[in-house]
Structure formats: C-alpha cells, structure tokens
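One file, coords-v4.cif, is given below (mmCIF, C-alpha atoms and all ligand atoms).
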data_protein
#
loop_
_atom_site.label_atom_id
_atom_site.label_comp_id
_atom_site.auth_asym_id
_atom_site.auth_seq_id
_atom_site.Cartn_x
_atom_site.Cartn_y
_atom_site.Cartn_z
CA MET A 7 -45.72 44.85 4.99
CA LEU A 8 -46.25 41.48 3.29
CA LYS A 9 -48.90 39.01 4.42
CA SER A 10 -48.38 35.28 4.95
CA LYS A 11 -50.52 32.38 3.85
CA ILE A 12 -50.61 28.63 4.37
CA ALA A 13 -49.44 27.53 0.94
CA GLY A 14 -49.29 23.80 1.59
CA ILE A 15 -50.60 21.39 4.20
CA GLY A 16 -50.26 17.70 5.00
CA ALA A 17 -50.88 15.23 7.81
CA TYR A 18 -49.78 11.76 8.79
CA VAL A 19 -51.25 9.39 11.35
CA PRO A 20 -49.72 5.98 12.04
CA GLU A 21 -51.58 2.85 10.94
CA GLY A 22 -51.98 1.29 14.38
CA VAL A 23 -55.53 1.87 15.65
CA VAL A 24 -56.00 1.50 19.42
CA THR A 25 -59.63 1.42 20.53
CA ASN A 26 -60.91 2.25 24.00
CA ASN A 27 -61.57 -1.46 24.49
CA ASP A 28 -57.92 -2.20 23.61
CA LEU A 29 -56.86 0.01 26.54
CA THR A 30 -58.91 -2.07 28.99
CA ARG A 31 -56.20 -4.76 28.57
CA PHE A 32 -53.78 -2.51 30.46
CA MET A 33 -55.90 -0.47 32.86
CA ASP A 34 -59.22 -0.30 34.62
CA THR A 35 -61.24 1.84 32.21
CA SER A 36 -64.14 1.45 29.78
CA ASP A 37 -65.25 2.57 26.34
CA GLU A 38 -68.31 4.17 27.93
CA TRP A 39 -66.25 6.26 30.43
CA ILE A 40 -63.83 7.49 27.78
CA GLN A 41 -66.48 8.35 25.19
CA GLU A 42 -68.72 10.11 27.69
CA ARG A 43 -65.93 12.27 29.19
CA THR A 44 -63.83 12.95 26.09
CA GLY A 45 -65.66 11.88 22.90
CA ILE A 46 -62.66 9.71 21.96
CA GLN A 47 -63.43 6.37 20.31
CA GLU A 48 -59.94 5.40 19.18
CA ARG A 49 -56.47 6.81 18.67
CA ARG A 50 -53.37 5.87 16.63
CA TYR A 51 -50.06 4.63 18.06
CA GLY A 52 -46.84 4.73 16.05
CA LYS A 53 -44.91 1.53 15.38
CA LYS A 54 -42.46 0.89 18.23
CA PHE A 55 -38.79 1.08 17.17
CA GLU A 56 -39.77 2.14 13.63
CA GLU A 57 -41.61 5.40 14.07
CA THR A 58 -40.67 8.46 16.10
CA THR A 59 -41.91 12.01 16.48
CA SER A 60 -39.45 13.18 13.82
CA THR A 61 -40.21 10.35 11.33
CA MET A 62 -43.94 11.08 11.54
CA GLY A 63 -43.15 14.78 11.20
CA LEU A 64 -41.16 13.95 8.06
CA LYS A 65 -44.14 12.21 6.46
CA ALA A 66 -46.43 15.16 7.17
CA ALA A 67 -43.74 17.62 6.01
CA GLU A 68 -43.25 15.81 2.69
CA LYS A 69 -46.98 16.06 2.01
CA ALA A 70 -47.08 19.76 2.90
CA ILE A 71 -44.05 20.49 0.69
CA ALA A 72 -45.63 18.62 -2.26
CA ASN A 73 -48.97 20.36 -1.62
CA ALA A 74 -47.24 23.76 -1.74
CA GLY A 75 -45.69 22.80 -5.08
CA ILE A 76 -42.15 23.54 -3.90
CA ASP A 77 -38.98 21.51 -3.53
CA LYS A 78 -37.52 20.69 -0.10
CA GLU A 79 -34.47 22.76 -1.08
CA ASP A 80 -36.75 25.82 -1.20
CA ILE A 81 -37.36 25.58 2.57
CA ASP A 82 -35.45 28.32 4.34
CA PHE A 83 -36.63 27.83 7.92
CA ILE A 84 -37.96 24.86 9.93
CA ILE A 85 -40.12 25.15 13.05
CA PHE A 86 -40.88 21.95 14.95
CA ALA A 87 -43.45 21.90 17.76
CA THR A 88 -43.66 18.88 20.06
CA LEU A 89 -43.80 17.85 23.71
CA SER A 90 -42.61 14.33 22.92
CA PRO A 91 -39.28 14.87 21.12
CA ASP A 92 -37.05 12.00 19.97
CA TYR A 93 -34.25 13.31 22.19
CA TYR A 94 -34.14 15.58 25.24
CA PHE A 95 -31.73 17.52 23.02
CA PRO A 96 -31.07 18.29 20.21
CA GLY A 97 -34.62 19.02 19.13
CA CYS A 98 -36.61 17.48 16.31
CA GLY A 99 -36.04 20.48 14.00
CA VAL A 100 -32.54 19.40 13.03
CA LEU A 101 -33.54 15.71 12.91
CA LEU A 102 -36.20 16.67 10.39
CA GLN A 103 -33.71 18.73 8.39
CA ARG A 104 -31.41 15.68 8.24
CA ALA A 105 -34.27 13.33 7.31
CA LEU A 106 -35.42 15.67 4.55
CA GLY A 107 -31.86 15.63 3.19
CA ILE A 108 -31.55 19.42 3.37
CA THR A 109 -27.79 19.88 3.53
CA LYS A 110 -27.63 23.66 3.01
CA THR A 111 -26.77 25.24 6.33
CA GLU A 112 -28.49 28.55 5.52
CA VAL A 113 -31.68 26.88 6.75
CA GLY A 114 -32.54 27.59 10.39
CA ALA A 115 -34.26 25.06 12.68
CA LEU A 116 -36.26 26.12 15.74
CA ASP A 117 -37.95 23.90 18.31
CA ILE A 118 -41.10 25.00 20.08
CA ARG A 119 -42.02 23.73 23.56
CA ASN A 120 -45.58 24.96 23.90
CA GLN A 121 -47.46 21.69 24.12
CA CYS A 122 -51.08 21.96 22.94
CA SER A 123 -50.64 25.50 21.65
CA GLY A 124 -47.30 24.70 19.95
CA PHE A 125 -48.73 24.83 16.44
CA VAL A 126 -50.45 28.21 16.95
CA TYR A 127 -47.27 29.63 18.52
CA GLY A 128 -45.25 28.20 15.61
CA LEU A 129 -47.61 29.70 13.07
CA SER A 130 -47.24 33.09 14.70
CA VAL A 131 -43.43 32.83 14.56
CA ALA A 132 -43.59 31.76 10.90
CA ASP A 133 -45.96 34.65 10.15
CA GLN A 134 -43.53 37.21 11.63
CA PHE A 135 -40.58 35.88 9.61
CA VAL A 136 -42.56 35.81 6.37
CA LYS A 137 -44.26 39.20 6.86
CA THR A 138 -40.95 40.94 7.40
CA GLY A 139 -39.50 39.35 4.26
CA MET A 140 -36.82 37.38 6.10
CA TYR A 141 -38.01 33.97 4.81
CA LYS A 142 -40.10 32.82 1.84
CA ASN A 143 -40.82 29.20 2.70
CA VAL A 144 -41.19 28.32 6.37
CA LEU A 145 -41.92 24.67 7.15
CA LEU A 146 -43.93 24.30 10.37
CA VAL A 147 -44.49 20.84 11.83
CA GLY A 148 -46.44 19.64 14.87
CA SER A 149 -45.80 16.01 15.74
CA GLU A 150 -46.28 13.78 18.78
CA MET A 151 -45.38 10.22 19.74
CA HIS A 152 -47.28 10.17 23.03
CA SER A 153 -47.58 6.38 23.16
CA MET A 154 -43.92 6.02 24.19
CA GLY A 155 -44.25 8.10 27.36
CA LEU A 156 -47.61 7.32 28.95
CA ASP A 157 -48.45 5.39 32.12
CA PHE A 158 -50.41 2.33 30.98
CA SER A 159 -51.30 1.30 34.53
CA THR A 160 -54.65 2.24 36.10
CA GLU A 161 -52.88 5.05 37.95
CA GLY A 162 -52.24 6.87 34.67
CA ARG A 163 -55.65 6.26 33.10
CA ASN A 164 -56.98 9.82 33.39
CA VAL A 165 -54.14 11.04 31.12
CA THR A 166 -53.31 8.01 29.00
CA VAL A 167 -56.75 7.45 27.47
CA ILE A 168 -56.77 10.98 26.05
CA PHE A 169 -53.58 11.07 23.97
CA GLY A 170 -52.69 9.74 20.53
CA ASP A 171 -49.84 9.90 18.00
CA GLY A 172 -49.71 11.81 14.73
CA ALA A 173 -48.24 14.71 12.80
CA GLY A 174 -49.29 17.68 10.70
CA ALA A 175 -47.34 20.25 8.72
CA VAL A 176 -47.76 23.45 6.74
CA VAL A 177 -45.62 25.59 4.47
CA VAL A 178 -46.01 29.32 5.15
CA GLN A 179 -45.29 31.70 2.27
CA PRO A 180 -45.83 35.37 1.44
CA THR A 181 -48.98 36.28 -0.50
CA GLU A 182 -49.80 39.32 -2.57
CA LYS A 183 -53.43 38.38 -3.12
CA GLU A 184 -55.75 41.08 -1.78
CA GLY A 185 -57.49 40.00 1.41
CA GLN A 186 -55.83 36.57 1.57
CA GLY A 187 -53.61 35.31 4.39
CA ILE A 188 -53.06 35.37 8.13
CA ILE A 189 -55.05 38.28 9.57
CA ASN A 190 -53.71 38.04 13.11
CA THR A 191 -52.28 35.71 15.73
CA LYS A 192 -52.83 36.13 19.48
CA LEU A 193 -50.57 34.47 22.04
CA HIS A 194 -51.01 34.23 25.81
CA SER A 195 -49.45 32.54 28.81
CA ASP A 196 -49.87 32.24 32.57
CA GLY A 197 -47.22 30.24 34.39
CA THR A 198 -49.03 30.33 37.72
CA TYR A 199 -50.33 26.79 37.25
CA ALA A 200 -47.39 25.26 35.40
CA GLU A 201 -47.56 22.00 37.38
CA LYS A 202 -51.30 21.38 36.86
CA LEU A 203 -50.61 19.73 33.50
CA ALA A 204 -46.99 18.70 33.30
CA MET A 205 -44.32 16.07 32.97
CA ILE A 206 -41.65 17.29 35.35
CA ASN A 207 -39.19 14.38 35.34
CA PRO A 208 -36.57 13.88 34.05
CA GLY A 209 -35.46 17.44 34.72
CA SER A 210 -32.94 19.67 36.42
CA HIS A 211 -35.40 21.14 38.96
CA GLY A 212 -34.07 19.11 41.90
CA GLY A 213 -37.33 19.67 43.79
CA TYR A 214 -36.88 23.46 43.74
CA HIS A 215 -40.39 24.35 42.57
CA ALA A 216 -42.11 21.81 44.82
CA GLU A 217 -40.40 23.42 47.82
CA LYS A 218 -41.37 26.94 46.74
CA LEU A 219 -44.95 25.85 46.12
CA GLU A 220 -44.97 23.84 49.39
CA ILE A 221 -45.86 20.62 47.56
CA ASP A 222 -45.03 17.61 49.71
CA VAL A 223 -43.40 15.10 47.36
CA ASP A 224 -40.47 12.68 47.63
CA TYR A 225 -38.35 12.52 44.48
CA GLY A 226 -35.80 10.16 46.01
CA TYR A 227 -33.14 12.85 46.47
CA SER A 228 -32.10 12.00 50.04
CA ASP A 229 -28.63 10.59 49.15
CA ALA A 230 -28.67 11.59 45.51
CA GLU A 231 -25.50 12.55 43.67
CA PHE A 232 -25.73 15.20 40.95
CA GLY A 233 -26.34 12.60 38.21
CA GLU A 234 -29.22 11.07 40.17
CA ILE A 235 -31.12 14.33 40.47
CA PHE A 236 -32.06 14.48 36.81
CA VAL A 237 -33.40 10.93 36.94
CA ASN A 238 -33.20 8.21 39.58
CA GLU A 239 -34.64 4.79 40.40
CA HIS A 240 -37.16 6.22 42.87
CA MET A 241 -38.72 8.32 40.09
CA VAL A 242 -38.95 5.33 37.78
CA GLU A 243 -40.34 3.01 40.46
CA ASN A 244 -42.92 5.55 41.64
CA GLY A 245 -44.27 6.59 38.25
CA GLN A 246 -42.90 10.14 38.60
CA MET A 247 -41.70 10.19 34.99
CA PHE A 248 -45.16 10.32 33.47
CA PRO A 249 -47.36 13.29 32.57
CA ASN A 250 -49.84 14.34 35.24
CA MET A 251 -52.96 16.45 34.93
CA GLU A 252 -55.60 17.94 37.18
CA GLY A 253 -58.33 17.32 34.64
CA GLN A 254 -61.15 19.40 36.08
CA PHE A 255 -58.88 22.38 36.70
CA VAL A 256 -57.65 22.24 33.09
CA PHE A 257 -61.20 21.85 31.80
CA LYS A 258 -62.48 24.96 33.61
CA LEU A 259 -59.70 27.19 32.32
CA ALA A 260 -59.84 25.78 28.79
CA VAL A 261 -63.54 26.56 28.33
CA GLN A 262 -62.86 30.12 29.49
CA LYS A 263 -59.69 30.84 27.49
CA PHE A 264 -60.75 29.34 24.13
CA PRO A 265 -63.71 31.73 23.66
CA GLU A 266 -61.72 34.67 25.09
CA VAL A 267 -58.86 34.35 22.61
CA ILE A 268 -61.20 33.73 19.65
CA MET A 269 -63.21 36.85 20.52
CA GLU A 270 -59.98 38.85 20.91
CA ALA A 271 -58.87 37.84 17.39
CA LEU A 272 -62.26 38.58 15.86
CA GLY A 273 -62.61 41.89 17.71
CA ASP A 274 -59.21 43.10 16.51
CA ALA A 275 -60.18 42.31 12.93
CA GLY A 276 -63.61 43.96 13.24
CA LEU A 277 -65.32 40.60 12.79
CA SER A 278 -67.84 38.56 14.79
CA PRO A 279 -68.37 34.82 15.41
CA GLN A 280 -70.96 34.76 12.60
CA ASP A 281 -68.16 35.59 10.13
CA ILE A 282 -66.28 32.36 10.93
CA ASP A 283 -66.55 29.76 8.17
CA MET A 284 -64.50 27.13 10.00
CA LEU A 285 -63.23 26.95 13.57
CA VAL A 286 -60.49 24.38 14.05
CA PRO A 287 -59.92 24.08 17.78
CA HIS A 288 -57.06 22.13 19.30
CA GLN A 289 -58.59 18.68 19.74
CA ALA A 290 -58.28 18.58 23.55
CA ASN A 291 -61.56 16.97 24.45
CA LEU A 292 -64.85 16.88 22.52
CA ARG A 293 -66.69 18.31 25.52
CA ILE A 294 -64.40 21.36 25.51
CA SER A 295 -64.93 21.89 21.76
CA LYS A 296 -68.72 21.52 22.08
CA PHE A 297 -68.74 24.02 24.92
CA VAL A 298 -66.74 26.53 22.84
CA GLN A 299 -69.01 25.96 19.82
CA LYS A 300 -72.07 26.74 21.94
CA ARG A 301 -70.51 29.86 23.44
CA MET A 302 -69.61 31.11 19.94
CA GLY A 303 -73.06 30.26 18.59
CA LEU A 304 -71.60 28.22 15.73
CA SER A 305 -73.45 25.49 13.83
CA ASP A 306 -72.00 21.95 13.58
CA ASP A 307 -70.69 22.51 10.04
CA LYS A 308 -68.51 25.42 11.25
CA VAL A 309 -66.41 23.48 13.77
CA TRP A 310 -64.03 20.71 12.77
CA ASN A 311 -63.77 17.81 15.25
CA ASN A 312 -61.82 14.62 14.68
CA ILE A 313 -60.73 13.77 18.22
CA GLN A 314 -63.10 10.81 18.01
CA LYS A 315 -60.62 9.07 15.65
CA TYR A 316 -57.25 10.34 16.80
CA GLY A 317 -57.51 11.38 20.45
CA ASN A 318 -55.60 14.46 21.58
CA THR A 319 -52.41 14.74 19.52
CA THR A 320 -51.29 17.98 21.23
CA ALA A 321 -49.14 20.10 18.86
CA ALA A 322 -50.25 17.95 15.91
CA SER A 323 -53.99 18.17 16.47
CA ILE A 324 -54.70 21.47 14.68
CA PRO A 325 -52.70 20.73 11.50
CA ILE A 326 -54.15 17.19 11.32
CA ALA A 327 -57.70 18.57 11.67
CA LEU A 328 -57.06 21.47 9.29
CA ALA A 329 -55.51 19.16 6.66
CA GLU A 330 -58.57 16.91 6.89
CA ALA A 331 -60.97 19.85 6.57
CA VAL A 332 -59.08 21.19 3.53
CA GLU A 333 -58.91 17.76 1.90
CA LYS A 334 -62.64 17.22 2.35
CA GLY A 335 -63.42 20.60 0.79
CA ALA A 336 -64.81 22.03 4.04
CA VAL A 337 -62.29 24.90 3.88
CA LYS A 338 -62.27 26.79 0.59
CA GLU A 339 -60.52 29.82 -0.83
CA GLY A 340 -61.89 33.01 0.72
CA ASP A 341 -63.15 31.27 3.89
CA LEU A 342 -62.49 32.79 7.31
CA VAL A 343 -60.68 30.11 9.30
CA CYS A 344 -60.00 30.40 13.01
CA LEU A 345 -57.48 28.20 14.82
CA ALA A 346 -57.45 28.19 18.63
CA ALA A 347 -55.55 26.26 21.29
CA PHE A 348 -55.12 25.99 25.03
CA GLY A 349 -52.81 23.73 26.99
CA SER A 350 -50.04 23.04 29.46
CA GLY A 351 -48.14 26.06 30.70
CA PHE A 352 -50.75 27.36 30.63
CA THR A 353 -50.33 28.80 27.14
CA TRP A 354 -53.07 29.58 24.67
CA GLY A 355 -53.57 31.40 21.41
CA SER A 356 -55.43 31.85 18.14
CA ALA A 357 -54.80 32.46 14.46
CA LEU A 358 -57.32 34.09 12.15
CA ILE A 359 -56.79 33.32 8.47
CA ARG A 360 -58.52 34.34 5.24
CA TRP A 361 -57.94 31.14 3.22
N1 LIG A 401 -61.43 5.37 33.10
C1 LIG A 401 -62.23 5.16 34.12
N2 LIG A 401 -62.27 5.95 35.21
C2 LIG A 401 -61.43 7.00 35.25
C3 LIG A 401 -60.56 7.26 34.20
C4 LIG A 401 -60.56 6.40 33.08
N3 LIG A 401 -59.76 6.58 32.03
N4 LIG A 401 -59.85 8.37 34.52
C5 LIG A 401 -60.27 8.78 35.71
N5 LIG A 401 -61.22 7.94 36.16
C6 LIG A 401 -61.96 8.01 37.42
C7 LIG A 401 -61.21 8.75 38.48
O1 LIG A 401 -60.31 7.91 39.14
C8 LIG A 401 -62.33 9.19 39.38
O2 LIG A 401 -62.71 8.09 40.19
P1 LIG A 401 -63.17 8.32 41.70
O3 LIG A 401 -64.41 9.18 41.63
O4 LIG A 401 -63.43 6.94 42.19
O5 LIG A 401 -62.03 9.00 42.38
C9 LIG A 401 -63.48 9.46 38.41
O6 LIG A 401 -63.14 8.76 37.20
C10 LIG A 401 -63.67 10.92 38.11
O7 LIG A 401 -62.37 11.48 37.83
P2 LIG A 401 -62.19 12.94 37.35
O8 LIG A 401 -60.74 13.19 37.03
O9 LIG A 401 -62.85 13.85 38.32
O10 LIG A 401 -63.01 12.87 36.02
P3 LIG A 401 -63.52 14.02 35.12
O11 LIG A 401 -64.98 13.97 35.01
O12 LIG A 401 -62.92 15.33 35.50
O13 LIG A 401 -62.93 13.60 33.72
C11 LIG A 401 -61.16 14.30 32.30
C12 LIG A 401 -61.54 13.52 33.55
C13 LIG A 401 -61.76 13.61 31.08
C14 LIG A 401 -59.66 14.31 32.18
C15 LIG A 401 -61.74 15.73 32.43
O14 LIG A 401 -61.37 16.30 33.64
C16 LIG A 401 -61.35 16.61 31.34
O15 LIG A 401 -61.86 16.50 30.25
N6 LIG A 401 -60.45 17.55 31.61
C17 LIG A 401 -59.97 18.46 30.61
C18 LIG A 401 -58.59 18.19 30.43
C19 LIG A 401 -58.27 17.81 29.04
O16 LIG A 401 -59.07 17.74 28.14
N7 LIG A 401 -57.03 17.60 28.86
C20 LIG A 401 -56.55 17.30 27.60
C21 LIG A 401 -55.15 17.63 27.58
S1 LIG A 401 -54.92 19.30 27.90
C22 LIG A 401 -55.33 20.05 26.60
O17 LIG A 401 -55.15 19.55 25.54
C23 LIG A 401 -56.02 21.31 26.81
#

Translate the structure of the given file into structure tokens.
Ligand code: ACO
Amino acid sequence: MLKSKIAGIGAYVPEGVVTNNDLTRFMDTSDEWIQERTGIQERRYGKKFEETTSTMGLKAAEKAIANAGIDKEDIDFIIFATLSPDYYFPGCGVLLQRALGITKTEVGALDIRNQCSGFVYGLSVADQFVKTGMYKNVLLVGSEMHSMGLDFSTEGRNVTVIFGDGAGAVVVQPTEKEGQGIINTKLHSDGTYAEKLAMINPGSHGGYHAEKLEIDVDYGYSDAEFGEIFVNEHMVENGQMFPNMEGQFVFKLAVQKFPEVIMEALGDAGLSPQDIDMLVPHQANLRISKFVQKRMGLSDDKVWNNIQKYGNTTAASIPIALAEAVEKGAVKEGDLVCLAAFGSGFTWGSALIRW
C-alpha cells in the first residue's frame, strides 16, 4: 500500500488583533485572569462582512497549494473541517471549491464536524483515500470564524475569551520515499458527555436530549409551531444560541486523553516519547499543553505552542501551529511529528508523521 505525506502547508490569520484588555470593554474579565488560566494574550478576529470561515480557508488553501507546487486544478478531493461554517448547509467544502474556481465536478467535497479534533479526523480521512490510491491531491482545510458566534456579555466570558479566528490547510499526496509519511492516525469518540461542550441551538432537537438526560431547561417551546422549534425568540433573548462549556470537566478529560492517544500512536509504531521531534497539540489551553508536555517528558523545544497569539482556533489550530513550526525551520525532513487533539463530542485523536 502507498503512504501519504503532507506535501504542502499554509495558514492564514486575519489582521485584527484583539487583546485581553480589548475584551474588558464588553465583559467583566481581566488580562491577568485570562493569561493565568489559558496562556492567551491576544487572538485575531476576521473583518465583519468581509471575511468568513470559507474566505479564510481559501487564503490558507492557496498557500498550501502553492507550497505543494501544484495547480488548484490538480486537487481531486476537498475536506473542510469547521464548527463555525458560513451556512448551516451547504458546508464550506463546496464554497471553497467555488472560491478556488475549480469547475471540474470530478472533485469531491466533504465537510467534517469534529470541532477541535476536526483537522486530525480530516487528515485520517485524507490518508485513507491517498493510501488506497483513490486520490493523489487531497486538500484539507481547518478554518474558524468564532468571533461571529460568541456571547460578548459577562455571561459568556468563560468561553468567549478562549476562542479566535484563523485557518490552516495542507495538501496530502502519496509518497514513495522510504520511511517518509503518515505512520498512523488514531481516532476516538465518547458521546456520553456531548452537551458538556456544545452549541445546541439552532437545531432540530426540540428538547429531546434534555428530557432524556433530565436537564431542566426552558427553550421556549410551550406554544411553538414547527418553525419555531429550530430557533425562536426565547432562545435569542436568553442567550441559548451560544456555545457553552463546563470548563473544569473538559480540562480533566483533555489532560487524560491527550497523553493516552499519543502513547497509543507511539506504541503502535514501536516508538517512545523520546523519539518525538515535535509535538503539535491542538491549541486548547496553554495549561493543557504544558500538562501534556510534562506527562510526556518533552523539553520546551519539542512542543509547539502559539495559543498565546491566536487563542483557540479549534479545527484550525493544528495546521496554523504546524505551518508556523515548518516555516520557522523547527520541523525538518526526517523529523518525527506528532499531532494530537481533544474536543467537543467528545472526540480525540492523533497523527504520527515522519516528515
Ligand atoms: N474572566 C474572569 N472571570 C471568569 C472568566 C473570565 N473570562 N470566566 C470565568 N470566570 C470566573 C467564573 O465565573 C468563576 O467565578 P466564581 O468563582 O465567582 O463563580 C471563576 O472565574 C472560576 O470559574 P471556573 O470556570 O471554575 O474557572 P476555571 O479555573 O475552571 O477556568 C477555564 C476556566 C479556563 C475555561 C478552564 O476550566 C479550562 O481551561 N478548561 C479547559 C477547557 C478548555 O480549554 N476549553 C477549550 C475549548 S475545548 C478544547 O479545545 C479542548
């Protein structure tokens, strides 16, 4: 069987820098609180009405395509991972195809809804298609425009301060070079705690899960017609259309699952943490990454962190961080690179790559 490699990579972050102090204009928070709990100093927000998840994805994709030395017409499959799509449907995959000007309909476009682990899931899908010989140039994009859908009141501060906008992309191709390429990908999920980190409205659930889980919540359905179940005024007025998170619960699981899935990948490949040249964790929270680093016994130069500048960009965080590490020469040919992610779902996973 063939092996796949990341043949091109690129990232884009919007120009607008939003510092922790800037957020204090909207909500009761402080630079000290945010830095101490998350490590974040600033994040980027896309330009309202000009930038979207798919336009940022386009910019990252164009860089990855150029970096791979191919033409956009060479792309035969698009995978787009995001939790903040331009539209509820259709997904960003086809919007990106249109924006790239790819008119051939032989190209397929797939959207991935795996939040923080979306990029790792997407890379695994790309790997399977390339390894089996079905596709030769898979474009994988992770992009997020969080700033459009956050609660900027004090009520939403525990979530809002964490997230930022940005995009990253890779081109996955077959490789014949001995030893090079994706060694393995590991994917996991556990839906037991789906609501612990979620944005559940607008949606078609109609309160079904809350009833099953015996969660006492009023979604304003008392006299609702069908059309008012998906979204209604009560939801808007009561801030029920924003993401919610039980931070400490997420934290505890994340610090357990990150090391587990990294060790699983290494074990399968007959390798140990000391063999890792660069770990690029999903940039969830600097405290989580530091905890994982310590558990793995890795030195500072073997873990790439840039959450300080960009916040948590969910599906985009790994390709943005990886692109930065590659650009700065911190990832070189022959290096063992490990990508790992954990997030809403919960879903988590890893990818082990010989660069
Ligand atoms: N500014 C100031 N105060 C705040 C803020 C804020 N932005 N957010 C919450 N607080 C307050 C709370 O209201 C609470 O006040 P109270 O004691 O008066 O009730 C107090 O700070 C402590 O709140 P906690 O939620 O218990 O704070 P915690 O120490 O757990 O930190 C955090 C919150 C940073 C979210 C933490 O739980 C965490 O890091 N969780 C991991 C989740 C994560 O990283 N998610 C990222 C997305 S998921 C992913 O990518 C894996």

| request: Identify, counting all atoms listed in the file, the protein, DNA and RNA residues located within 8 Å of ligand LIG 401 (chain A), and give them as a ChimeraX atom specification. | output: /A:34-36,39-40,43-44,122,160,162-169,203,251-258,260,288-291,293-294,318,320,347-350

Would you save the residues of that selection, restricted to C-alpha atoms, as a PDB file, in the frame of the given file?
ATOM      1  CA  ASP A  34     -59.220  -0.300  34.620  1.00  0.00           C
ATOM      2  CA  THR A  35     -61.240   1.840  32.210  1.00  0.00           C
ATOM      3  CA  SER A  36     -64.140   1.450  29.780  1.00  0.00           C
ATOM      4  CA  TRP A  39     -66.250   6.260  30.430  1.00  0.00           C
ATOM      5  CA  ILE A  40     -63.830   7.490  27.780  1.00  0.00           C
ATOM      6  CA  ARG A  43     -65.930  12.270  29.190  1.00  0.00           C
ATOM      7  CA  THR A  44     -63.830  12.950  26.090  1.00  0.00           C
ATOM      8  CA  CYS A 122     -51.080  21.960  22.940  1.00  0.00           C
ATOM      9  CA  THR A 160     -54.650   2.240  36.100  1.00  0.00           C
ATOM     10  CA  GLY A 162     -52.240   6.870  34.670  1.00  0.00           C
ATOM     11  CA  ARG A 163     -55.650   6.260  33.100  1.00  0.00           C
ATOM     12  CA  ASN A 164     -56.980   9.820  33.390  1.00  0.00           C
ATOM     13  CA  VAL A 165     -54.140  11.040  31.120  1.00  0.00           C
ATOM     14  CA  THR A 166     -53.310   8.010  29.000  1.00  0.00           C
ATOM     15  CA  VAL A 167     -56.750   7.450  27.470  1.00  0.00           C
ATOM     16  CA  ILE A 168     -56.770  10.980  26.050  1.00  0.00           C
ATOM     17  CA  PHE A 169     -53.580  11.070  23.970  1.00  0.00           C
ATOM     18  CA  LEU A 203     -50.610  19.730  33.500  1.00  0.00           C
ATOM     19  CA  MET A 251     -52.960  16.450  34.930  1.00  0.00           C
ATOM     20  CA  GLU A 252     -55.600  17.940  37.180  1.00  0.00           C
ATOM     21  CA  GLY A 253     -58.330  17.320  34.640  1.00  0.00           C
ATOM     22  CA  GLN A 254     -61.150  19.400  36.080  1.00  0.00           C
ATOM     23  CA  PHE A 255     -58.880  22.380  36.700  1.00  0.00           C
ATOM     24  CA  VAL A 256     -57.650  22.240  33.090  1.00  0.00           C
ATOM     25  CA  PHE A 257     -61.200  21.850  31.800  1.00  0.00           C
ATOM     26  CA  LYS A 258     -62.480  24.960  33.610  1.00  0.00           C
ATOM     27  CA  ALA A 260     -59.840  25.780  28.790  1.00  0.00           C
ATOM     28  CA  HIS A 288     -57.060  22.130  19.300  1.00  0.00           C
ATOM     29  CA  GLN A 289     -58.590  18.680  19.740  1.00  0.00           C
ATOM     30  CA  ALA A 290     -58.280  18.580  23.550  1.00  0.00           C
ATOM     31  CA  ASN A 291     -61.560  16.970  24.450  1.00  0.00           C
ATOM     32  CA  ARG A 293     -66.690  18.310  25.520  1.00  0.00           C
ATOM     33  CA  ILE A 294     -64.400  21.360  25.510  1.00  0.00           C
ATOM     34  CA  ASN A 318     -55.600  14.460  21.580  1.00  0.00           C
ATOM     35  CA  THR A 320     -51.290  17.980  21.230  1.00  0.00           C
ATOM     36  CA  ALA A 347     -55.550  26.260  21.290  1.00  0.00           C
ATOM     37  CA  PHE A 348     -55.120  25.990  25.030  1.00  0.00           C
ATOM     38  CA  GLY A 349     -52.810  23.730  26.990  1.00  0.00           C
ATOM     39  CA  SER A 350     -50.040  23.040  29.460  1.00  0.00           C
TER      40      SER A 350
END

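The space separating CA of Ala87 in chain A from CA of Ser323 in chain A comes to 11.3 Å.
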
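Between CA of Asp117 in chain A and CA of Asp133 in chain A the separation is 15.7 Å.
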
Can you build me a table of range 170-200 of chain A residues sitting at most 10 Å from range 328-345 of chain A, with the closest atom pair per residue and its distance in Å to one decimal, using all atoms listed in the file, sorted by chain and residue number, as a Markdown table?
| residue | atom | partner | partner_atom | distance |
| --- | --- | --- | --- | --- |
| A:Gly174 | CA | A:Ala329 | CA | 7.6 |
| A:Ala175 | CA | A:Ala329 | CA | 8.5 |
| A:Val176 | CA | A:Ala329 | CA | 8.9 |
| A:Gly185 | CA | A:Gly340 | CA | 8.3 |
| A:Gln186 | CA | A:Gly340 | CA | 7.1 |
| A:Gly187 | CA | A:Gly340 | CA | 9.3 |
| A:Ile188 | CA | A:Val343 | CA | 9.3 |
| A:Ile189 | CA | A:Leu342 | CA | 9.5 |
| A:Asn190 | CA | A:Cys344 | CA | 9.9 |
| A:Thr191 | CA | A:Leu345 | CA | 9.2 |

| Looking at A:Met62, A:Ser130, A:Gly170, A:Val261, which one is nearest to Asn312 in chain A, with distances taken over all atoms listed in the file? |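 Closest candidate: A:Gly170.
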
Go through range 18-100 of chain A residue by residue and, counting all atoms listed in the file, keep those with an atom at most 9 Å from range 148-158 of chain A; for each kept residue give the shortest atom pair and its distance in Å to one decimal, ordered by chain and increasing number, as CSV.
residue,atom,partner,partner_atom,distance
A:Leu29,CA,A:Phe158,CA,8.2
A:Phe32,CA,A:Phe158,CA,5.9
A:Met33,CA,A:Phe158,CA,6.4
A:Arg50,CA,A:Ser153,CA,8.7
A:Tyr51,CA,A:Ser153,CA,5.9
A:Gly52,CA,A:Met151,CA,6.8
A:Lys54,CA,A:Met154,CA,8.0
A:Glu57,CA,A:Met151,CA,8.3
A:Thr58,CA,A:Met151,CA,6.2
A:Thr59,CA,A:Met151,CA,5.1
A:Ser60,CA,A:Ser149,CA,7.2
A:Met62,CA,A:Ser149,CA,6.7
A:Gly63,CA,A:Ser149,CA,5.4
A:Ala66,CA,A:Ser149,CA,8.6
A:Ile85,CA,A:Gly148,CA,8.6
A:Phe86,CA,A:Gly148,CA,6.0
A:Ala87,CA,A:Gly148,CA,4.7
A:Thr88,CA,A:Ser149,CA,5.6
A:Leu89,CA,A:Glu150,CA,6.9
A:Ser90,CA,A:Glu150,CA,5.6
A:Pro91,CA,A:Glu150,CA,7.5
A:Asp92,CA,A:Met151,CA,8.5

| query | Please, what distance in Å, to one decimal, runs between CA of Ile326 in chain A and CA of Phe95 in chain A? | reply | 25.3 Å

| query | Thr353 in chain A: which residues within 10 Å, counting all atoms listed in the file, same-chain residues fewer than 3 positions away excluded, as a PyMOL selection string? | reply | chain A and resi 120-124+127+193-197+200+263+347-350

| request: Using only C-alpha atoms, determine which residues lie at most 9 Å from Arg49 in chain A, disregarding the query and same-chain residues fewer than 6 positions distant; provide the list as a PyMOL selection string. | output: chain A and resi 22-26+167-171+313-319

| request: Choose the residue, out of A:Ser305, A:Ala321, A:Ile71, A:Tyr94, that has the smallest atom-to-atom separation from Ser210 in chain A; count all atoms listed in the file. | output: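 Smallest distance to Ser210 in chain A is found for A:Tyr94.
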
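Candidate residues A:Thr138, A:Ser356, A:Gln179, A:Ser228 were compared for distance to Ile268 in chain A, and the nearest is A:Ser356, using all atoms listed in the file.
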